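Asker: There's a structure below that I have some questions on.
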2 protein chains.
Amino acid sequence: MVAQKKLTRAEQKALRPIQILDAAFEEFVKCGFAGTRVEDIADRVGVTKGTVYVYFETKEKLFEAMINHFSVPFQEMVAIADRLSGSAADRLTSILGLCYEQIPEDRATRELTRLVISEGQRFPDLIDRHHDQFIAPIIAKIDALILEGVASGEFRPIPVEFSDIVVAPILTTTVLRLIFDDRRVPTPNKEAFLRTYFDLLFNGLLAKPH
Amino acid sequence: MVAQKKLTRAEQKALRPIQILDAAFEEFVKCGFAGTRVEDIADRVGVTKGTVYVYFETKEKLFEAMINHFSVPFQEMVAIADRLSGSAADRLTSILGLCYEQIPEDRATRELTRLVISEGQRFPDLIDRHHDQFIAPIIAKIDALILEGVASGEFRPIPVEFSDIVVAPILTTTVLRLIFDDRRVPTPNKEAFLRTYFDLLFNGLLAKPH
DNA sequence: TATAATTGACTGACGCATTAGTCAATGAAA
DNA sequence: TTTCATTGACTAATGCGTCAGTCAATTATA
(Lines give C-alpha, C1' and ligand atoms only; values in the text may rest on other atoms or scores of the structure.)
Protein backbone atom coordinates (compact mmCIF):
# COMPACT_ATOMS: atom_id res chain seq x y z
CA MET A 1 0.00 0.00 0.00
CA VAL A 2 1.27 3.42 -1.00
CA ALA A 3 0.87 6.02 1.71
CA GLN A 4 -2.02 8.17 0.46
CA LYS A 5 -0.88 11.54 1.67
CA LYS A 6 -3.75 13.97 1.56
CA LEU A 7 -3.00 16.53 -1.09
CA THR A 8 -4.03 20.18 -1.10
CA ARG A 9 -5.95 21.36 -4.13
CA ALA A 10 -2.89 23.15 -5.48
CA GLU A 11 -0.77 20.02 -5.18
CA GLN A 12 -3.42 17.90 -6.86
CA LYS A 13 -3.81 20.41 -9.67
CA ALA A 14 -0.08 20.46 -10.26
CA LEU A 15 -0.07 16.66 -10.45
CA ARG A 16 -3.01 16.25 -12.82
CA PRO A 17 -1.30 16.93 -16.17
CA ILE A 18 1.40 14.39 -15.37
CA GLN A 19 -1.15 11.77 -14.30
CA ILE A 20 -3.02 12.39 -17.57
CA LEU A 21 0.16 12.15 -19.64
CA ASP A 22 1.09 8.86 -17.99
CA ALA A 23 -2.38 7.45 -18.63
CA ALA A 24 -2.28 8.77 -22.20
CA PHE A 25 1.02 6.97 -22.78
CA GLU A 26 -0.51 3.63 -21.78
CA GLU A 27 -3.64 4.05 -23.88
CA PHE A 28 -1.94 5.45 -26.98
CA VAL A 29 0.64 2.65 -26.84
CA LYS A 30 -2.11 0.04 -26.47
CA CYS A 31 -4.52 1.37 -29.12
CA GLY A 32 -2.67 3.86 -31.29
CA PHE A 33 -3.78 7.46 -31.84
CA ALA A 34 -7.00 6.84 -33.75
CA GLY A 35 -7.98 3.82 -31.66
CA THR A 36 -7.64 5.53 -28.28
CA ARG A 37 -10.68 7.02 -26.54
CA VAL A 38 -10.04 10.13 -24.46
CA GLU A 39 -12.56 8.78 -21.96
CA ASP A 40 -10.41 5.68 -21.39
CA ILE A 41 -7.47 7.92 -20.58
CA ALA A 42 -9.65 9.82 -18.11
CA ASP A 43 -10.92 6.56 -16.56
CA ARG A 44 -7.35 5.45 -16.00
CA VAL A 45 -6.67 8.62 -13.97
CA GLY A 46 -10.00 8.33 -12.17
CA VAL A 47 -11.49 11.55 -13.56
CA THR A 48 -13.92 12.29 -16.38
CA LYS A 49 -13.28 13.32 -19.96
CA GLY A 50 -14.09 16.93 -19.15
CA THR A 51 -11.11 17.14 -16.81
CA VAL A 52 -8.77 16.00 -19.56
CA TYR A 53 -10.03 18.87 -21.70
CA VAL A 54 -9.33 21.32 -18.88
CA TYR A 55 -5.63 20.53 -19.27
CA PHE A 56 -5.31 19.70 -22.98
CA GLU A 57 -7.08 21.42 -25.86
CA THR A 58 -7.55 18.43 -28.16
CA LYS A 59 -6.70 14.75 -28.46
CA GLU A 60 -3.91 15.66 -30.91
CA LYS A 61 -2.38 18.22 -28.54
CA LEU A 62 -2.54 15.64 -25.75
CA PHE A 63 -0.79 13.10 -27.95
CA GLU A 64 1.96 15.55 -28.83
CA ALA A 65 2.39 16.61 -25.21
CA MET A 66 2.64 12.96 -24.20
CA ILE A 67 5.33 12.31 -26.80
CA ASN A 68 7.28 15.33 -25.58
CA HIS A 69 6.93 14.27 -21.96
CA PHE A 70 8.36 10.81 -22.68
CA SER A 71 11.04 11.96 -25.12
CA VAL A 72 14.11 12.23 -22.94
CA PRO A 73 16.63 13.22 -25.57
CA PHE A 74 19.93 11.41 -25.80
CA GLN A 75 22.03 14.53 -25.35
CA GLU A 76 23.09 13.47 -21.89
CA MET A 77 24.18 10.10 -23.24
CA VAL A 78 26.28 11.80 -25.89
CA ALA A 79 27.76 14.01 -23.18
CA ILE A 80 28.73 10.91 -21.19
CA ALA A 81 30.29 9.46 -24.34
CA ASP A 82 32.37 12.61 -24.75
CA ARG A 83 33.84 12.15 -21.28
CA LEU A 84 34.98 8.59 -21.96
CA SER A 85 38.61 7.70 -22.49
CA GLY A 86 40.42 4.65 -23.76
CA SER A 87 40.72 3.08 -27.17
CA ALA A 88 38.13 3.80 -29.85
CA ALA A 89 36.86 0.23 -29.40
CA ASP A 90 36.44 0.73 -25.64
CA ARG A 91 34.55 3.94 -26.10
CA LEU A 92 32.39 2.45 -28.87
CA THR A 93 31.56 -0.47 -26.59
CA SER A 94 30.56 1.92 -23.82
CA ILE A 95 28.31 4.04 -25.99
CA LEU A 96 26.64 1.02 -27.59
CA GLY A 97 26.10 -0.46 -24.14
CA LEU A 98 24.44 2.77 -23.03
CA CYS A 99 22.25 2.69 -26.15
CA TYR A 100 21.23 -0.87 -25.36
CA GLU A 101 20.14 0.16 -21.86
CA GLN A 102 18.31 3.23 -23.14
CA ILE A 103 16.52 1.88 -26.21
CA PRO A 104 15.36 -1.76 -26.10
CA GLU A 105 15.61 -2.20 -22.34
CA ASP A 106 13.74 0.98 -21.38
CA ARG A 107 10.02 0.49 -21.88
CA ALA A 108 9.25 4.15 -22.56
CA THR A 109 11.89 4.49 -25.26
CA ARG A 110 10.90 1.17 -26.77
CA GLU A 111 7.21 2.01 -26.97
CA LEU A 112 8.07 5.48 -28.23
CA THR A 113 9.76 3.71 -31.13
CA ARG A 114 6.50 1.89 -31.83
CA LEU A 115 4.60 5.18 -31.92
CA VAL A 116 7.20 6.75 -34.21
CA ILE A 117 6.75 3.86 -36.64
CA SER A 118 2.96 3.66 -36.43
CA GLU A 119 1.96 7.33 -36.10
CA GLY A 120 4.86 9.02 -37.86
CA GLN A 121 2.91 9.48 -41.09
CA ARG A 122 0.22 11.49 -39.28
CA PHE A 123 2.65 13.55 -37.19
CA PRO A 124 5.59 14.58 -39.39
CA ASP A 125 6.99 16.89 -36.71
CA LEU A 126 7.33 13.85 -34.46
CA ILE A 127 9.60 12.21 -37.00
CA ASP A 128 11.71 15.32 -37.43
CA ARG A 129 12.22 15.79 -33.71
CA HIS A 130 12.89 12.11 -33.19
CA HIS A 131 15.55 12.22 -35.87
CA ASP A 132 17.17 15.39 -34.59
CA GLN A 133 17.13 14.44 -30.89
CA PHE A 134 17.66 10.68 -30.96
CA ILE A 135 18.99 9.30 -34.21
CA ALA A 136 21.29 12.07 -35.45
CA PRO A 137 23.30 12.64 -32.23
CA ILE A 138 24.01 8.93 -31.79
CA ILE A 139 24.88 8.33 -35.41
CA ALA A 140 27.13 11.41 -35.42
CA LYS A 141 28.93 10.18 -32.30
CA ILE A 142 29.43 6.71 -33.74
CA ASP A 143 30.58 8.07 -37.09
CA ALA A 144 33.11 10.21 -35.27
CA LEU A 145 34.39 7.23 -33.25
CA ILE A 146 34.74 5.09 -36.37
CA LEU A 147 36.55 7.83 -38.26
CA GLU A 148 38.89 8.32 -35.31
CA GLY A 149 39.56 4.58 -35.04
CA VAL A 150 40.20 4.33 -38.76
CA ALA A 151 42.52 7.35 -38.70
CA SER A 152 44.57 5.92 -35.83
CA GLY A 153 44.83 2.52 -37.52
CA GLU A 154 42.83 0.78 -34.78
CA PHE A 155 39.93 -0.02 -37.16
CA ARG A 156 39.95 -1.27 -40.72
CA PRO A 157 38.62 1.36 -43.16
CA ILE A 158 34.80 1.18 -43.22
CA PRO A 159 32.49 3.52 -45.16
CA VAL A 160 31.06 5.80 -42.47
CA GLU A 161 27.76 6.27 -44.31
CA PHE A 162 26.78 2.76 -43.26
CA SER A 163 27.24 3.15 -39.52
CA ASP A 164 23.58 2.06 -39.21
CA ILE A 165 25.02 -1.44 -39.51
CA VAL A 166 26.95 -0.94 -36.29
CA VAL A 167 23.85 -0.05 -34.27
CA ALA A 168 21.56 -2.49 -36.11
CA PRO A 169 21.42 -5.15 -33.36
CA ILE A 170 20.10 -2.52 -30.94
CA LEU A 171 17.23 -1.37 -33.16
CA THR A 172 16.51 -4.96 -34.16
CA THR A 173 16.24 -6.03 -30.52
CA THR A 174 13.89 -3.11 -29.88
CA VAL A 175 11.62 -4.00 -32.78
CA LEU A 176 11.59 -7.75 -32.09
CA ARG A 177 10.62 -7.05 -28.49
CA LEU A 178 7.86 -4.71 -29.70
CA ILE A 179 6.49 -7.37 -32.02
CA PHE A 180 6.93 -10.56 -30.04
CA ASP A 181 7.63 -9.36 -26.51
CA ASP A 182 7.23 -12.47 -24.38
CA ARG A 183 5.83 -14.57 -27.23
CA ARG A 184 9.16 -15.92 -28.39
CA VAL A 185 10.23 -18.65 -26.04
CA PRO A 186 13.75 -17.80 -24.88
CA THR A 187 14.10 -14.70 -22.74
CA PRO A 188 17.25 -13.09 -24.09
CA ASN A 189 20.24 -13.00 -21.77
CA LYS A 190 21.44 -9.43 -21.82
CA GLU A 191 25.09 -10.02 -20.97
CA ALA A 192 25.51 -12.91 -23.40
CA PHE A 193 23.77 -10.94 -26.13
CA LEU A 194 26.07 -7.94 -25.71
CA ARG A 195 29.13 -10.16 -25.58
CA THR A 196 28.21 -11.83 -28.86
CA TYR A 197 27.24 -8.52 -30.45
CA PHE A 198 30.57 -6.88 -29.60
CA ASP A 199 32.52 -10.00 -30.51
CA LEU A 200 30.98 -10.07 -33.98
CA LEU A 201 31.28 -6.34 -34.41
CA PHE A 202 34.90 -5.95 -33.37
CA ASN A 203 36.35 -9.00 -34.94
CA GLY A 204 35.18 -7.45 -38.13
CA LEU A 205 35.95 -3.88 -37.26
CA LEU A 206 39.32 -4.19 -35.55
CA ALA A 207 42.39 -4.02 -37.70
CA LYS A 208 44.25 -7.31 -37.52
CA PRO A 209 47.42 -8.79 -38.94
CA HIS A 210 46.44 -10.97 -41.91
CA MET B 1 -2.65 5.09 -70.82
CA VAL B 2 -3.50 1.53 -69.86
CA ALA B 3 -5.59 -0.28 -72.46
CA GLN B 4 -9.06 -0.44 -70.87
CA LYS B 5 -10.19 -3.81 -72.11
CA LYS B 6 -13.93 -4.12 -71.78
CA LEU B 7 -14.67 -6.73 -69.12
CA THR B 8 -17.66 -9.03 -68.87
CA ARG B 9 -19.61 -8.93 -65.62
CA ALA B 10 -18.14 -12.26 -64.55
CA GLU B 11 -14.59 -11.01 -65.17
CA GLN B 12 -15.27 -7.79 -63.32
CA LYS B 13 -16.79 -9.66 -60.38
CA ALA B 14 -13.80 -11.98 -60.19
CA LEU B 15 -11.50 -8.95 -60.16
CA ARG B 16 -13.33 -6.93 -57.50
CA PRO B 17 -11.97 -8.63 -54.36
CA ILE B 18 -8.41 -8.14 -55.55
CA GLN B 19 -9.02 -4.49 -56.42
CA ILE B 20 -10.53 -3.99 -52.97
CA LEU B 21 -7.62 -5.75 -51.26
CA ASP B 22 -5.12 -3.57 -53.14
CA ALA B 23 -7.00 -0.43 -52.17
CA ALA B 24 -7.30 -1.67 -48.58
CA PHE B 25 -3.53 -2.16 -48.43
CA GLU B 26 -2.91 1.47 -49.40
CA GLU B 27 -5.42 2.89 -46.95
CA PHE B 28 -4.55 0.67 -44.00
CA VAL B 29 -0.85 1.43 -44.53
CA LYS B 30 -1.57 5.16 -44.69
CA CYS B 31 -3.98 5.43 -41.73
CA GLY B 32 -3.73 2.22 -39.69
CA PHE B 33 -6.68 -0.03 -38.88
CA ALA B 34 -8.69 2.33 -36.67
CA GLY B 35 -7.93 5.41 -38.77
CA THR B 36 -9.01 3.95 -42.09
CA ARG B 37 -12.51 4.60 -43.46
CA VAL B 38 -14.08 1.77 -45.46
CA GLU B 39 -15.55 4.41 -47.75
CA ASP B 40 -12.06 5.65 -48.65
CA ILE B 41 -11.13 2.12 -49.69
CA ALA B 42 -14.26 1.97 -51.86
CA ASP B 43 -13.51 5.39 -53.38
CA ARG B 44 -10.06 4.19 -54.34
CA VAL B 45 -11.60 1.31 -56.30
CA GLY B 46 -14.27 3.58 -57.76
CA VAL B 47 -17.23 1.87 -56.10
CA THR B 48 -19.30 2.63 -53.00
CA LYS B 49 -19.04 1.27 -49.51
CA GLY B 50 -21.91 -1.15 -50.09
CA THR B 51 -19.90 -3.01 -52.70
CA VAL B 52 -17.06 -3.57 -50.26
CA TYR B 53 -19.52 -5.21 -47.87
CA VAL B 54 -20.70 -7.55 -50.65
CA TYR B 55 -17.22 -9.07 -50.69
CA PHE B 56 -16.08 -8.70 -47.07
CA GLU B 57 -18.21 -9.16 -43.98
CA THR B 58 -16.57 -6.57 -41.73
CA LYS B 59 -13.69 -4.12 -41.66
CA GLU B 60 -11.73 -6.55 -39.50
CA LYS B 61 -12.26 -9.44 -41.91
CA LEU B 62 -11.17 -7.17 -44.76
CA PHE B 63 -8.03 -6.22 -42.86
CA GLU B 64 -7.17 -9.84 -42.17
CA ALA B 65 -7.85 -10.84 -45.78
CA MET B 66 -5.60 -8.00 -46.96
CA ILE B 67 -2.78 -9.14 -44.69
CA ASN B 68 -3.11 -12.70 -45.99
CA HIS B 69 -3.17 -11.49 -49.59
CA PHE B 70 0.07 -9.56 -49.16
CA SER B 71 1.81 -12.14 -46.98
CA VAL B 72 3.84 -14.08 -49.49
CA PRO B 73 5.56 -16.47 -47.14
CA PHE B 74 9.29 -17.00 -47.34
CA GLN B 75 9.03 -20.71 -47.93
CA GLU B 76 10.11 -20.36 -51.53
CA MET B 77 13.12 -18.35 -50.44
CA VAL B 78 14.08 -21.06 -47.98
CA ALA B 79 13.61 -23.62 -50.77
CA ILE B 80 16.00 -21.63 -52.97
CA ALA B 81 18.45 -21.53 -50.09
CA ASP B 82 18.29 -25.30 -49.80
CA ARG B 83 19.36 -25.67 -53.42
CA LEU B 84 22.45 -23.49 -53.00
CA SER B 85 25.92 -24.93 -52.93
CA GLY B 86 29.33 -23.60 -52.00
CA SER B 87 30.88 -22.63 -48.69
CA ALA B 88 28.69 -21.79 -45.72
CA ALA B 89 29.74 -18.15 -46.14
CA ASP B 90 28.69 -18.15 -49.82
CA ARG B 91 25.32 -19.64 -49.02
CA LEU B 92 24.81 -17.27 -46.08
CA THR B 93 25.62 -14.34 -48.36
CA SER B 94 23.09 -15.56 -50.90
CA ILE B 95 20.28 -16.01 -48.41
CA LEU B 96 20.93 -12.66 -46.73
CA GLY B 97 20.99 -11.02 -50.18
CA LEU B 98 17.61 -12.58 -50.94
CA CYS B 99 16.26 -11.34 -47.62
CA TYR B 100 17.48 -7.84 -48.40
CA GLU B 101 15.62 -7.89 -51.72
CA GLN B 102 12.49 -9.33 -50.13
CA ILE B 103 12.22 -7.30 -46.93
CA PRO B 104 13.42 -3.69 -47.02
CA GLU B 105 13.47 -3.32 -50.82
CA ASP B 106 10.00 -4.74 -51.43
CA ARG B 107 7.36 -2.16 -50.54
CA ALA B 108 4.68 -4.71 -49.64
CA THR B 109 6.88 -6.63 -47.22
CA ARG B 110 8.23 -3.41 -45.76
CA GLU B 111 4.80 -1.92 -45.11
CA LEU B 112 3.57 -5.27 -43.82
CA THR B 113 6.29 -4.94 -41.21
CA ARG B 114 4.83 -1.57 -40.22
CA LEU B 115 1.38 -3.11 -39.79
CA VAL B 116 2.78 -5.99 -37.75
CA ILE B 117 4.39 -3.47 -35.40
CA SER B 118 1.46 -1.06 -35.19
CA GLU B 119 -1.55 -3.42 -35.27
CA GLY B 120 -0.03 -6.56 -33.79
CA GLN B 121 -1.48 -5.91 -30.34
CA ARG B 122 -5.03 -5.84 -31.74
CA PHE B 123 -4.54 -8.89 -34.02
CA PRO B 124 -2.54 -11.53 -32.13
CA ASP B 125 -3.10 -14.12 -34.88
CA LEU B 126 -1.29 -11.79 -37.24
CA ILE B 127 1.78 -11.91 -35.02
CA ASP B 128 1.68 -15.68 -34.71
CA ARG B 129 1.39 -16.23 -38.45
CA HIS B 130 4.05 -13.64 -39.18
CA HIS B 131 6.40 -15.38 -36.82
CA ASP B 132 5.68 -18.86 -38.17
CA GLN B 133 5.79 -17.95 -41.86
CA PHE B 134 8.45 -15.23 -42.00
CA ILE B 135 10.69 -15.04 -38.96
CA ALA B 136 11.01 -18.67 -37.90
CA PRO B 137 11.92 -20.20 -41.30
CA ILE B 138 14.63 -17.62 -41.97
CA ILE B 139 16.09 -17.79 -38.49
CA ALA B 140 16.06 -21.59 -38.63
CA LYS B 141 17.86 -21.55 -41.98
CA ILE B 142 20.48 -19.11 -40.74
CA ASP B 143 20.97 -21.02 -37.51
CA ALA B 144 21.53 -24.19 -39.53
CA LEU B 145 24.07 -22.47 -41.77
CA ILE B 146 25.98 -21.06 -38.81
CA LEU B 147 26.02 -24.43 -37.04
CA GLU B 148 27.27 -26.08 -40.22
CA GLY B 149 29.97 -23.46 -40.70
CA VAL B 150 31.06 -23.78 -37.09
CA ALA B 151 31.11 -27.57 -37.31
CA SER B 152 33.26 -27.52 -40.44
CA GLY B 153 35.66 -25.01 -38.91
CA GLU B 154 34.79 -22.33 -41.45
CA PHE B 155 33.24 -20.06 -38.79
CA ARG B 156 34.38 -19.20 -35.32
CA PRO B 157 32.04 -20.62 -32.64
CA ILE B 158 29.11 -18.21 -32.16
CA PRO B 159 26.11 -18.79 -29.86
CA VAL B 160 23.31 -19.70 -32.28
CA GLU B 161 20.61 -18.18 -30.06
CA PHE B 162 21.78 -14.71 -31.13
CA SER B 163 21.50 -15.15 -34.88
CA ASP B 164 19.19 -12.10 -34.81
CA ILE B 165 22.44 -10.16 -34.81
CA VAL B 166 23.32 -11.59 -38.21
CA VAL B 167 20.08 -10.38 -39.83
CA ALA B 168 19.91 -7.14 -37.83
CA PRO B 169 21.09 -4.81 -40.64
CA ILE B 170 18.18 -6.04 -42.80
CA LEU B 171 15.47 -5.35 -40.23
CA THR B 172 17.13 -2.08 -39.28
CA THR B 173 17.15 -0.92 -42.90
CA THR B 174 13.47 -1.85 -43.16
CA VAL B 175 12.53 0.10 -40.06
CA LEU B 176 14.65 3.16 -40.89
CA ARG B 177 13.04 3.31 -44.33
CA LEU B 178 9.60 3.01 -42.72
CA ILE B 179 10.36 5.88 -40.38
CA PHE B 180 12.37 8.26 -42.51
CA ASP B 181 11.83 7.01 -46.05
CA ASP B 182 13.11 9.84 -48.23
CA ARG B 183 13.53 12.26 -45.33
CA ARG B 184 17.13 11.36 -44.60
CA VAL B 185 19.30 13.01 -47.18
CA PRO B 186 21.47 10.28 -48.69
CA THR B 187 19.68 7.63 -50.73
CA PRO B 188 21.41 4.42 -49.71
CA ASN B 189 23.47 2.65 -52.33
CA LYS B 190 22.30 -0.95 -52.26
CA GLU B 191 25.48 -2.62 -53.55
CA ALA B 192 27.78 -0.62 -51.31
CA PHE B 193 25.56 -1.27 -48.31
CA LEU B 194 25.56 -5.02 -48.86
CA ARG B 195 29.32 -5.05 -49.44
CA THR B 196 29.93 -3.28 -46.15
CA TYR B 197 27.37 -5.43 -44.32
CA PHE B 198 28.96 -8.70 -45.47
CA ASP B 199 32.46 -7.39 -44.92
CA LEU B 200 31.67 -6.55 -41.30
CA LEU B 201 29.75 -9.75 -40.77
CA PHE B 202 32.29 -12.17 -42.20
CA ASN B 203 35.43 -10.65 -40.92
CA GLY B 204 33.93 -11.32 -37.54
CA LEU B 205 32.33 -14.62 -38.31
CA LEU B 206 34.99 -16.30 -40.41
CA ALA B 207 37.59 -18.38 -38.58
CA LYS B 208 40.95 -16.69 -38.88
CA PRO B 209 44.44 -17.41 -37.77
CA HIS B 210 45.16 -15.25 -34.73
C1' DT C 1 -12.92 29.07 16.89
C1' DA C 2 -17.26 28.98 14.31
C1' DT C 3 -19.69 30.45 10.35
C1' DA C 4 -20.39 32.52 5.95
C1' DA C 5 -18.73 33.76 1.31
C1' DT C 6 -15.98 32.63 -2.49
C1' DT C 7 -13.39 30.09 -5.56
C1' DG C 8 -12.31 26.86 -9.09
C1' DA C 9 -11.44 21.93 -10.19
C1' DC C 10 -14.30 18.80 -11.76
C1' DT C 11 -18.52 16.81 -13.60
C1' DG C 12 -21.71 14.66 -16.83
C1' DA C 13 -25.16 15.27 -19.96
C1' DC C 14 -25.47 16.84 -24.59
C1' DG C 15 -24.59 18.56 -29.49
C1' DC C 16 -22.63 17.34 -33.49
C1' DA C 17 -19.83 14.90 -36.74
C1' DT C 18 -18.25 10.66 -38.23
C1' DT C 19 -18.52 6.05 -39.72
C1' DA C 20 -19.51 0.87 -39.58
C1' DG C 21 -22.76 -1.83 -41.45
C1' DT C 22 -27.74 -2.69 -43.90
C1' DC C 23 -30.98 -3.31 -47.52
C1' DA C 24 -34.65 -2.13 -50.87
C1' DA C 25 -34.26 -0.12 -55.28
C1' DT C 26 -31.85 0.24 -59.71
C1' DG C 27 -30.22 -0.49 -64.21
C1' DA C 28 -26.98 -2.68 -67.16
C1' DA C 29 -25.45 -7.11 -68.91
C1' DA C 30 -26.85 -11.59 -70.50
C1' DT D 1 -37.21 -10.37 -69.79
C1' DT D 2 -34.41 -11.99 -66.13
C1' DT D 3 -30.48 -11.73 -63.31
C1' DC D 4 -27.56 -9.79 -60.08
C1' DA D 5 -23.70 -6.44 -59.14
C1' DT D 6 -24.05 -2.15 -57.53
C1' DT D 7 -25.97 1.71 -55.35
C1' DG D 8 -26.95 5.28 -51.91
C1' DA D 9 -29.87 6.55 -48.50
C1' DC D 10 -30.56 4.85 -44.06
C1' DT D 11 -29.66 3.42 -38.78
C1' DA D 12 -27.29 2.77 -34.96
C1' DA D 13 -23.43 3.56 -32.49
C1' DT D 14 -19.46 5.80 -31.32
C1' DG D 15 -16.65 9.41 -29.68
C1' DC D 16 -14.77 14.31 -29.77
C1' DG D 17 -15.35 18.46 -27.65
C1' DT D 18 -18.48 21.84 -24.78
C1' DC D 19 -20.25 24.21 -20.86
C1' DA D 20 -23.60 25.34 -17.24
C1' DG D 21 -23.75 23.67 -12.86
C1' DT D 22 -21.87 21.42 -8.46
C1' DC D 23 -19.60 21.00 -4.25
C1' DA D 24 -15.42 20.59 -1.57
C1' DA D 25 -11.50 23.30 -0.37
C1' DT D 26 -10.11 27.63 0.87
C1' DT D 27 -10.37 32.28 2.60
C1' DA D 28 -12.72 36.13 4.92
C1' DT D 29 -15.51 37.61 8.64
C1' DA D 30 -17.64 37.58 13.19
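Here's how to read the names in the C-alpha coordinates: chain A, B, ... by the order shown, residue numbers from 1 in each chain, ligand numbers from 1 in the order shown.
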What are the residues of chain D lining chain B at 12 Å or less? Count only C-alpha atoms (C1' of nucleotides), and put the answer as a ChimeraX atom specification.

Answerer: /D:3-9

Asker: With 9 Å as the limit and counting only C-alpha atoms (C1' of nucleotides), what residues in chain C lie close to chain A? Please list them as number ranges by chain.

Answerer: C: 9-12

Asker: If we count only C-alpha atoms (C1' of nucleotides), what is near stretch 23-28 of chain D at a cut-off of 9 Å, once residues fewer than 4 positions away on the same chain are taken out, given as JSON, numbers by chain?

Answerer: {"A": [8, 9], "C": [4, 5, 6, 7]}

Asker: Taking only C-alpha atoms into account, find every residue of chain A that has an atom no more than 6 Å from chain B, and write it out as a ChimeraX atom specification.

Answerer: /A:34-35,117-118,165,168-169,172,179,200,203-204

Asker: If you measure from atom C1' of C:DA30 to atom CA of B:Leu7, what distance in Å do you get, rounded to one decimal?

Answerer: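 About the pair atom C1' of C:DA30 and atom CA of B:Leu7: they are 13.2 Å apart.
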
Asker: Atom CA of B:Ser94 and atom CA of B:Ala81 are how many Å apart?

Answerer: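 So the two atoms, atom CA of B:Ser94 and atom CA of B:Ala81, lie 7.6 Å apart.
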
Asker: Tell me which protein, DNA and RNA residues are within 12 Å of C:DC16, counting only C-alpha atoms (C1' of nucleotides), leaving out same-chain ones fewer than 5 positions away, and put them as a VMD selection string.

Answerer: chain D and resid 15 to 18

Asker: Provide the atom CA of B:Val78 to atom CA of B:Tyr100 distance in Å, to one decimal place.

Answerer: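 One can read the atom CA of B:Val78 to atom CA of B:Tyr100 distance as 13.7 Å.
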
Asker: Quick one: pick out all alpha helix (DSSP H) residues within stretch 11-122 of chain A from a backbone DSSP run and write them as a count of residues only.

Answerer: 89

Asker: Contacts of stretch 62-73 of chain B at 9 Å or less, counting only C-alpha atoms (C1' of nucleotides), minus same-chain residues fewer than 3 places along, as a VMD selection string?

Answerer: chain B and resid 18 20 to 22 24 to 25 28 33 52 55 to 59 76 to 77 108 to 109 112 115 123 126 130 133 to 134
